[in-house]
Every structure is written in C-alpha cells, then in structure tokens.
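To start, the structure under review is shown below, and the notes come after it.
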Amino acid sequence: RRAKPGVAMLATRGRVPVIPVHIKNGYRWMRPVTVVYGKPMDLSEYYGKKLTQEETQAIADRVLENIYAL
C-alpha cells in the first residue's frame with residue numbers, strides 16, 4: 001500500500017512532528033480498542049524548504065513504515 005503525501009505536506013508546512021498511531025482490534029461500536037503511539041518523528045530538516053513530489057512521497061513512506069513497525 002502506498003502512503004498518501006498529504007501527511008508530509010501538512011507536517012512540514014505546519015512545522016510539527018508526526019506521531020505514528022496504530023489502532024488495534026479495529027473499531028466496533030461499544031467495543032474497547034487499543035491505540036499504540038509511536039515516537040514523534042522530527043521533520044525539522046524539511047521545514048521551510050520547497051519539497052519535490054519525490055521528497056514528499058519519501059517522507060510519507062517513512063511515516064507509513066513507522067506505523068507498520070508499531
């Protein structure tokens with residue numbers, strides 16, 4: 001599955017870290033779920049830069065890899 005580049009665009013333009021999140025057990029009405037948070041990803045090296053589509057996609061792929069690692 002391919003990551004959507006919007007997360008990278010929002011994080012770099014907003015100058016905020018990305019926190020990977022995984023929701024276990026799926027969502028079901030009135031059932032408990034487990035939410036796993038990863039370590040914040042520092043993207044400050046990209047702040048203020050005009051990123052190419054390839055760079056934006058690479059950042060998004062890195063975020064998705066961190067989510068899968070959870």
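Each chain in the structure tokens gets a letter, A, B, ..., in the order shown, and its residues are numbered from 1; ligands are numbered from 1 in order too.
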
Practice prompt. Write down as a VMD selection string the residues of chain A whose backbone DSSP state falls under strand (DSSP E or B).
Written response: chain A and resid 18 21 to 24 34 to 37 41

Item to complete: Go through stretch 19-58 of chain A and collect every residue that DSSP, computed from the backbone, puts in alpha helix (DSSP H); the answer should be as a PyMOL selection string.
Response: chain A and resi 53-58

Discussion item. Quick one: residues within 10 Å of A:Val21, only C-alpha atoms, excluding same-chain residues fewer than 5 positions away - as a list in words?
Written reply: Val35, Val36, Tyr37, Gly38, Lys39, Pro40, Val63, Leu64, Asn66, Ile67, Tyr68 and Leu70 of chain A

Worksheet entry | Nearest to A:Gly14, chosen from A:Met30, A:Leu43, A:Ile59, A:Leu51, with only C-alpha atoms counted in the distances | A:Leu43

Discussion item. If we count only C-alpha atoms and set the cut-off at 8 Å, which residues sit around A:Gln57, ignoring sequence neighbours fewer than 6 positions away in its own chain? Please answer as a PyMOL selection string.
Written reply: chain A and resi 3-5+8

Item to complete: Compile the contact shell of A:Ala11 as a list in words: residues with an atom at most 12 Å away, counting only C-alpha atoms, same-chain residues fewer than 2 positions apart removed.
Response: Pro5, Gly6, Val7, Ala8, Met9, Arg13, Gly14, Arg15, Val16, Pro17, Val18, Ile19, Pro40, Met41, Asp42, Leu43, Ser44, Glu45, Tyr46, Tyr47, Gly48, Thr56, Ile59, Ala60 and Val63 of chain A

Write the residues you've just listed into a file as a PDB file, in the first residue's frame, and include N, CA and C atoms for each of them.
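After the write, again-v6.pdb holds the following:
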ATOM      1  N   PRO A   5       0.843  11.465   0.290  1.00  0.00           N
ATOM      2  CA  PRO A   5       1.827  12.503   0.587  1.00  0.00           C
ATOM      3  C   PRO A   5       1.295  13.684   1.398  1.00  0.00           C
ATOM      4  N   GLY A   6      -0.006  13.755   1.610  1.00  0.00           N
ATOM      5  CA  GLY A   6      -0.571  14.882   2.351  1.00  0.00           C
ATOM      6  C   GLY A   6      -0.036  15.012   3.754  1.00  0.00           C
ATOM      7  N   VAL A   7       0.244  13.899   4.410  1.00  0.00           N
ATOM      8  CA  VAL A   7       0.779  13.950   5.778  1.00  0.00           C
ATOM      9  C   VAL A   7       2.116  14.674   5.803  1.00  0.00           C
ATOM     10  N   ALA A   8       2.946  14.440   4.820  1.00  0.00           N
ATOM     11  CA  ALA A   8       4.252  15.099   4.760  1.00  0.00           C
ATOM     12  C   ALA A   8       4.087  16.591   4.498  1.00  0.00           C
ATOM     13  N   MET A   9       3.182  16.936   3.605  1.00  0.00           N
ATOM     14  CA  MET A   9       2.952  18.344   3.280  1.00  0.00           C
ATOM     15  C   MET A   9       2.440  19.100   4.510  1.00  0.00           C
ATOM     16  N   ARG A  13       4.790  21.950   6.362  1.00  0.00           N
ATOM     17  CA  ARG A  13       4.280  23.330   6.300  1.00  0.00           C
ATOM     18  C   ARG A  13       3.848  23.831   7.672  1.00  0.00           C
ATOM     19  N   GLY A  14       3.317  22.950   8.489  1.00  0.00           N
ATOM     20  CA  GLY A  14       2.903  23.320   9.834  1.00  0.00           C
ATOM     21  C   GLY A  14       4.034  23.316  10.835  1.00  0.00           C
ATOM     22  N   ARG A  15       5.197  22.806  10.405  1.00  0.00           N
ATOM     23  CA  ARG A  15       6.392  22.731  11.256  1.00  0.00           C
ATOM     24  C   ARG A  15       6.099  21.990  12.565  1.00  0.00           C
ATOM     25  N   VAL A  16       5.495  20.817  12.411  1.00  0.00           N
ATOM     26  CA  VAL A  16       5.136  19.990  13.566  1.00  0.00           C
ATOM     27  C   VAL A  16       5.669  18.575  13.361  1.00  0.00           C
ATOM     28  N   PRO A  17       5.939  17.869  14.454  1.00  0.00           N
ATOM     29  CA  PRO A  17       6.355  16.468  14.326  1.00  0.00           C
ATOM     30  C   PRO A  17       5.150  15.596  13.991  1.00  0.00           C
ATOM     31  N   VAL A  18       5.422  14.425  13.469  1.00  0.00           N
ATOM     32  CA  VAL A  18       4.375  13.451  13.158  1.00  0.00           C
ATOM     33  C   VAL A  18       4.449  12.346  14.211  1.00  0.00           C
ATOM     34  N   ILE A  19       3.306  12.009  14.791  1.00  0.00           N
ATOM     35  CA  ILE A  19       3.253  10.922  15.759  1.00  0.00           C
ATOM     36  C   ILE A  19       2.530   9.747  15.106  1.00  0.00           C
ATOM     37  N   PRO A  40       7.513  10.486  18.323  1.00  0.00           N
ATOM     38  CA  PRO A  40       7.341  11.590  17.361  1.00  0.00           C
ATOM     39  C   PRO A  40       8.480  11.607  16.339  1.00  0.00           C
ATOM     40  N   MET A  41       8.106  11.842  15.107  1.00  0.00           N
ATOM     41  CA  MET A  41       9.093  11.913  14.030  1.00  0.00           C
ATOM     42  C   MET A  41       9.458  13.379  13.787  1.00  0.00           C
ATOM     43  N   ASP A  42      10.735  13.697  13.931  1.00  0.00           N
ATOM     44  CA  ASP A  42      11.213  15.060  13.732  1.00  0.00           C
ATOM     45  C   ASP A  42      11.473  15.279  12.243  1.00  0.00           C
ATOM     46  N   LEU A  43      10.752  16.203  11.660  1.00  0.00           N
ATOM     47  CA  LEU A  43      10.926  16.510  10.236  1.00  0.00           C
ATOM     48  C   LEU A  43      11.499  17.916  10.046  1.00  0.00           C
ATOM     49  N   SER A  44      12.153  18.444  11.071  1.00  0.00           N
ATOM     50  CA  SER A  44      12.627  19.832  11.028  1.00  0.00           C
ATOM     51  C   SER A  44      13.631  20.100   9.906  1.00  0.00           C
ATOM     52  N   GLU A  45      14.289  19.080   9.436  1.00  0.00           N
ATOM     53  CA  GLU A  45      15.244  19.281   8.330  1.00  0.00           C
ATOM     54  C   GLU A  45      14.543  19.706   7.044  1.00  0.00           C
ATOM     55  N   TYR A  46      13.225  19.515   6.970  1.00  0.00           N
ATOM     56  CA  TYR A  46      12.456  19.869   5.777  1.00  0.00           C
ATOM     57  C   TYR A  46      11.677  21.171   5.929  1.00  0.00           C
ATOM     58  N   TYR A  47      11.661  21.752   7.111  1.00  0.00           N
ATOM     59  CA  TYR A  47      10.903  22.983   7.348  1.00  0.00           C
ATOM     60  C   TYR A  47      11.455  24.113   6.484  1.00  0.00           C
ATOM     61  N   GLY A  48      10.562  24.841   5.869  1.00  0.00           N
ATOM     62  CA  GLY A  48      10.951  25.998   5.080  1.00  0.00           C
ATOM     63  C   GLY A  48      11.511  25.673   3.705  1.00  0.00           C
ATOM     64  N   THR A  56       8.404  14.563  -0.925  1.00  0.00           N
ATOM     65  CA  THR A  56       7.171  14.488  -0.143  1.00  0.00           C
ATOM     66  C   THR A  56       6.703  13.042  -0.027  1.00  0.00           C
ATOM     67  N   ILE A  59       8.955  11.096   2.436  1.00  0.00           N
ATOM     68  CA  ILE A  59       8.625  11.388   3.834  1.00  0.00           C
ATOM     69  C   ILE A  59       7.374  10.619   4.234  1.00  0.00           C
ATOM     70  N   ALA A  60       6.357  10.638   3.380  1.00  0.00           N
ATOM     71  CA  ALA A  60       5.111   9.926   3.668  1.00  0.00           C
ATOM     72  C   ALA A  60       5.358   8.428   3.789  1.00  0.00           C
ATOM     73  N   VAL A  63       6.816   7.720   7.160  1.00  0.00           N
ATOM     74  CA  VAL A  63       5.778   7.760   8.195  1.00  0.00           C
ATOM     75  C   VAL A  63       5.014   6.440   8.206  1.00  0.00           C
TER      76      VAL A  63
END
